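Engineer: Next up is a structure, given as structure tokens.
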Amino acid sequence: KKEFASGTILPANGFFVIIVDDEEDSGFGISSGGETLWLEDAEGSVIDEVEVPALEDAQSYGRYADGSANWQVLYYVTRGTANSDATSAPVIVMNEIFSKGTDLDPDWVELYNTSAEEVNISGYKIYDSGGFSGSKPKMTIPEGTTIAANSYFVIVVDTEDEAGFGLSGSGEDVWLEDANDNVIDFAAFPALEETQSFGRFEDGAYSWEILNTITKGAANAQ
């Protein structure tokens, strides 16, 4: 059984994410066809159980509202944040991440509008672990910012502003919120080389992968 490390603390009304599909002896991949999961307390008593159904790539299964008795298929994957009962995938997504920035080309995150209409992204927020924990402000997209249909918008995140953040060369987590403070996208990118980015292929798809061609503000390529 996968055991939580000594000293692990779950904050009040907070979230804790457990990576279960790892290379440890206790690691386990959750079947895409559905299966049952159990949670035990430190004394070995089962305190929770859930039957996970078959899910599609862009879905998770969760309680809505958080902590309630109601479980349902969720169409927004909100790792580490409040669950959402939105019934469709987000229109604006993070599409490509570049973490090996230089003084001339600092770290950036590319957004992509998956829809056939222009979208106003004024007030959207993007942030790394600092913004997530509240130790620093979240980077807010200025008023009047739009993304044309099926087009791209690049956010330079490694700035000198208080909300600026450099993306770790060893990999880290990035979140995107809409103007109503709902998390609409999440990405955990790995360590990258100077000639690589991490992106969806094809644009807007669920699948992320390391890209050996950096395509800032343009269609992703492998």
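Residue numbers start at 1 in each chain; chains themselves are named A, B, ... in the order of the structure tokens; ligands are numbered from 1 in the order shown.
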Enumerate the residues of range 102-167 of chain A with a DSSP assignment of strand (DSSP E), computed from the backbone, and present them as a list in words.

Structural biologist: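 Matching residues, listed in order: Trp108, Val109, Glu110, Leu111, Tyr112, Asn113, Val119, Asn120, Lys125, Ile126, Tyr127, Met139, Thr140, Thr146, Ile147, Tyr152, Phe153, Val154, Ile155 and Val156 of chain A.
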
Engineer: Take the residues that were just selected and, keeping N, CA, C and O atoms, output them as a compact mmCIF listing (two decimals), in the first residue's frame.

Structural biologist:
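Generated file (result.txt):
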```txt
# COMPACT_ATOMS: atom_id res chain seq x y z
N TRP A 108 8.60 31.80 -21.01
CA TRP A 108 7.26 32.19 -21.44
C TRP A 108 6.30 31.00 -21.44
O TRP A 108 6.72 29.84 -21.44
N VAL A 109 5.00 31.33 -21.43
CA VAL A 109 3.93 30.36 -21.57
C VAL A 109 3.01 30.84 -22.68
O VAL A 109 2.59 31.99 -22.69
N GLU A 110 2.72 29.97 -23.61
CA GLU A 110 1.84 30.30 -24.73
C GLU A 110 0.42 29.80 -24.44
O GLU A 110 0.23 28.65 -24.03
N LEU A 111 -0.57 30.68 -24.64
CA LEU A 111 -1.98 30.30 -24.55
C LEU A 111 -2.52 30.07 -25.96
O LEU A 111 -2.02 30.64 -26.93
N TYR A 112 -3.57 29.26 -26.05
CA TYR A 112 -4.19 28.98 -27.34
C TYR A 112 -5.70 29.05 -27.21
O TYR A 112 -6.28 28.53 -26.24
N ASN A 113 -6.34 29.74 -28.13
CA ASN A 113 -7.80 29.83 -28.19
C ASN A 113 -8.30 28.70 -29.08
O ASN A 113 -8.11 28.71 -30.29
N VAL A 119 -11.72 35.66 -28.03
CA VAL A 119 -12.02 35.54 -26.59
C VAL A 119 -11.26 36.63 -25.84
O VAL A 119 -10.06 36.84 -26.05
N ASN A 120 -11.99 37.33 -24.96
CA ASN A 120 -11.38 38.34 -24.10
C ASN A 120 -10.80 37.63 -22.88
O ASN A 120 -11.52 36.97 -22.13
N LYS A 125 -5.39 34.82 -14.90
CA LYS A 125 -4.18 34.78 -14.08
C LYS A 125 -3.38 33.53 -14.38
O LYS A 125 -3.95 32.46 -14.60
N ILE A 126 -2.05 33.68 -14.35
CA ILE A 126 -1.15 32.54 -14.54
C ILE A 126 -0.11 32.59 -13.43
O ILE A 126 0.33 33.68 -13.03
N TYR A 127 0.28 31.43 -12.92
CA TYR A 127 1.19 31.43 -11.79
C TYR A 127 1.82 30.05 -11.59
O TYR A 127 1.32 29.04 -12.10
N MET A 139 0.22 36.40 -11.60
CA MET A 139 0.38 37.29 -12.75
C MET A 139 -0.96 37.46 -13.45
O MET A 139 -1.58 36.48 -13.87
N THR A 140 -1.43 38.69 -13.57
CA THR A 140 -2.75 38.99 -14.14
C THR A 140 -2.61 39.57 -15.54
O THR A 140 -1.80 40.47 -15.77
N THR A 146 -7.16 40.27 -25.85
CA THR A 146 -7.99 39.26 -26.52
C THR A 146 -7.10 38.29 -27.29
O THR A 146 -5.96 38.61 -27.64
N ILE A 147 -7.65 37.12 -27.57
CA ILE A 147 -6.99 36.16 -28.45
C ILE A 147 -7.95 35.86 -29.59
O ILE A 147 -9.10 35.46 -29.36
N TYR A 152 -2.89 32.35 -30.91
CA TYR A 152 -1.98 32.19 -29.79
C TYR A 152 -1.72 33.53 -29.10
O TYR A 152 -1.81 34.59 -29.71
N PHE A 153 -1.38 33.43 -27.81
CA PHE A 153 -0.97 34.61 -27.05
C PHE A 153 0.14 34.18 -26.12
O PHE A 153 -0.03 33.25 -25.33
N VAL A 154 1.30 34.84 -26.22
CA VAL A 154 2.46 34.46 -25.42
C VAL A 154 2.61 35.39 -24.22
O VAL A 154 2.59 36.61 -24.36
N ILE A 155 2.73 34.79 -23.04
CA ILE A 155 2.93 35.53 -21.79
C ILE A 155 4.37 35.33 -21.34
O ILE A 155 4.79 34.19 -21.06
N VAL A 156 5.14 36.40 -21.29
CA VAL A 156 6.49 36.33 -20.72
C VAL A 156 6.34 36.35 -19.21
O VAL A 156 5.82 37.32 -18.63
```

Engineer: Set the distance at 7 Å and use only C-alpha atoms: which residues neighbour Leu74 in chain A once local chain neighbours fewer than 4 positions away are removed? I'd like the list as a PyMOL selection string.

Structural biologist: chain A and resi 59-62+84-85

Engineer: Check the smallest atom-to-atom distance from each of A:Leu211, A:Ile97, A:Ala116, A:Ile184 to Val157 in chain A using only C-alpha atoms, then report the winner.

Structural biologist: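 That would be A:Ile97, the residue with the smallest distance to Val157 in chain A.
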
Engineer: Identify, on the basis of only C-alpha atoms, every residue whose closest approach to Asp57 in chain A does not exceed 9 Å; exclude the query and any residue fewer than 5 positions from it along the same chain; express the result as number ranges by chain.

Structural biologist: A: 32, 206-207

Engineer: The selected residues should be written to file as a short mmCIF file (atom, residue, chain, number, x, y, z; two decimals), in the first residue's frame (atoms: N, CA and C atoms).

Structural biologist:
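Output (result.cif):
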```cif
data_model
loop_
_atom_site.label_atom_id
_atom_site.label_comp_id
_atom_site.auth_asym_id
_atom_site.auth_seq_id
_atom_site.Cartn_x
_atom_site.Cartn_y
_atom_site.Cartn_z
N SER A 32 -7.80 3.05 -16.78
CA SER A 32 -8.67 3.94 -17.55
C SER A 32 -10.05 3.34 -17.74
N TYR A 206 -5.38 17.22 -25.63
CA TYR A 206 -5.20 16.89 -24.21
C TYR A 206 -3.75 16.49 -23.93
N SER A 207 -3.12 15.80 -24.86
CA SER A 207 -1.79 15.23 -24.64
C SER A 207 -0.69 16.28 -24.67
#
```

Engineer: To test your reading of the structure, identify every residue in chain A that backbone DSSP assigns to alpha helix (DSSP H), and report it as a VMD selection string.

Structural biologist: chain A and resid 129 to 133

Engineer: Need to verify the contact set: range 35-46 of chain A, 12 Å, only C-alpha atoms, exclusion of same-chain residues closer than 2 positions in sequence. Can you return it as a ChimeraX atom specification?

Structural biologist: /A:1-6,8,18,20,28-33,48-55,61

Engineer: Those selected residues, please, written with C-alpha atoms and delivered as an mmCIF file, in the first residue's frame.

Structural biologist:
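Written output follows (selection-v4.cif):
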```cif
data_model
loop_
_atom_site.group_PDB
_atom_site.id
_atom_site.type_symbol
_atom_site.label_atom_id
_atom_site.label_comp_id
_atom_site.auth_asym_id
_atom_site.auth_seq_id
_atom_site.Cartn_x
_atom_site.Cartn_y
_atom_site.Cartn_z
ATOM 1 C CA LYS A 1 0.000 0.000 0.000
ATOM 2 C CA LYS A 2 1.211 3.541 -0.709
ATOM 3 C CA GLU A 3 2.038 5.164 2.621
ATOM 4 C CA PHE A 4 2.193 8.925 3.214
ATOM 5 C CA ALA A 5 5.565 10.215 4.351
ATOM 6 C CA SER A 6 6.088 11.034 8.022
ATOM 7 C CA THR A 8 2.864 15.104 5.842
ATOM 8 C CA ILE A 18 -0.692 12.004 -4.339
ATOM 9 C CA VAL A 20 0.224 7.066 -7.503
ATOM 10 C CA PHE A 28 -0.058 1.874 -9.146
ATOM 11 C CA GLY A 29 -1.622 3.201 -12.319
ATOM 12 C CA ILE A 30 -5.356 3.809 -12.095
ATOM 13 C CA SER A 31 -7.137 1.810 -14.804
ATOM 14 C CA SER A 32 -8.671 3.939 -17.550
ATOM 15 C CA GLY A 33 -11.481 1.382 -17.608
ATOM 16 C CA ASP A 48 -12.932 6.307 2.368
ATOM 17 C CA GLU A 49 -13.659 4.287 -0.779
ATOM 18 C CA VAL A 50 -14.539 5.254 -4.333
ATOM 19 C CA GLU A 51 -15.393 3.327 -7.490
ATOM 20 C CA VAL A 52 -13.786 5.254 -10.339
ATOM 21 C CA PRO A 53 -15.621 4.809 -13.670
ATOM 22 C CA ALA A 54 -14.072 4.711 -17.134
ATOM 23 C CA LEU A 55 -12.904 8.223 -18.031
ATOM 24 C CA TYR A 61 -13.722 11.950 -11.192
#
```

Engineer: From the set A:Ser133, A:Thr114, A:Ala221, A:Thr195, which residue has the shortest atom-to-atom contact distance to Val91 in chain A, counting only C-alpha atoms?

Structural biologist: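 Looking at the shortest contact to Val91 in chain A, the residue is A:Thr114.
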
Engineer: Using only C-alpha atoms, pick whichever of A:Asn182, A:Ser170, A:Ser26, A:Thr145 has the shortest atom-to-atom distance to Thr81 in chain A.

Structural biologist: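 Closest to Thr81 in chain A, using only C-alpha atoms: A:Asn182.
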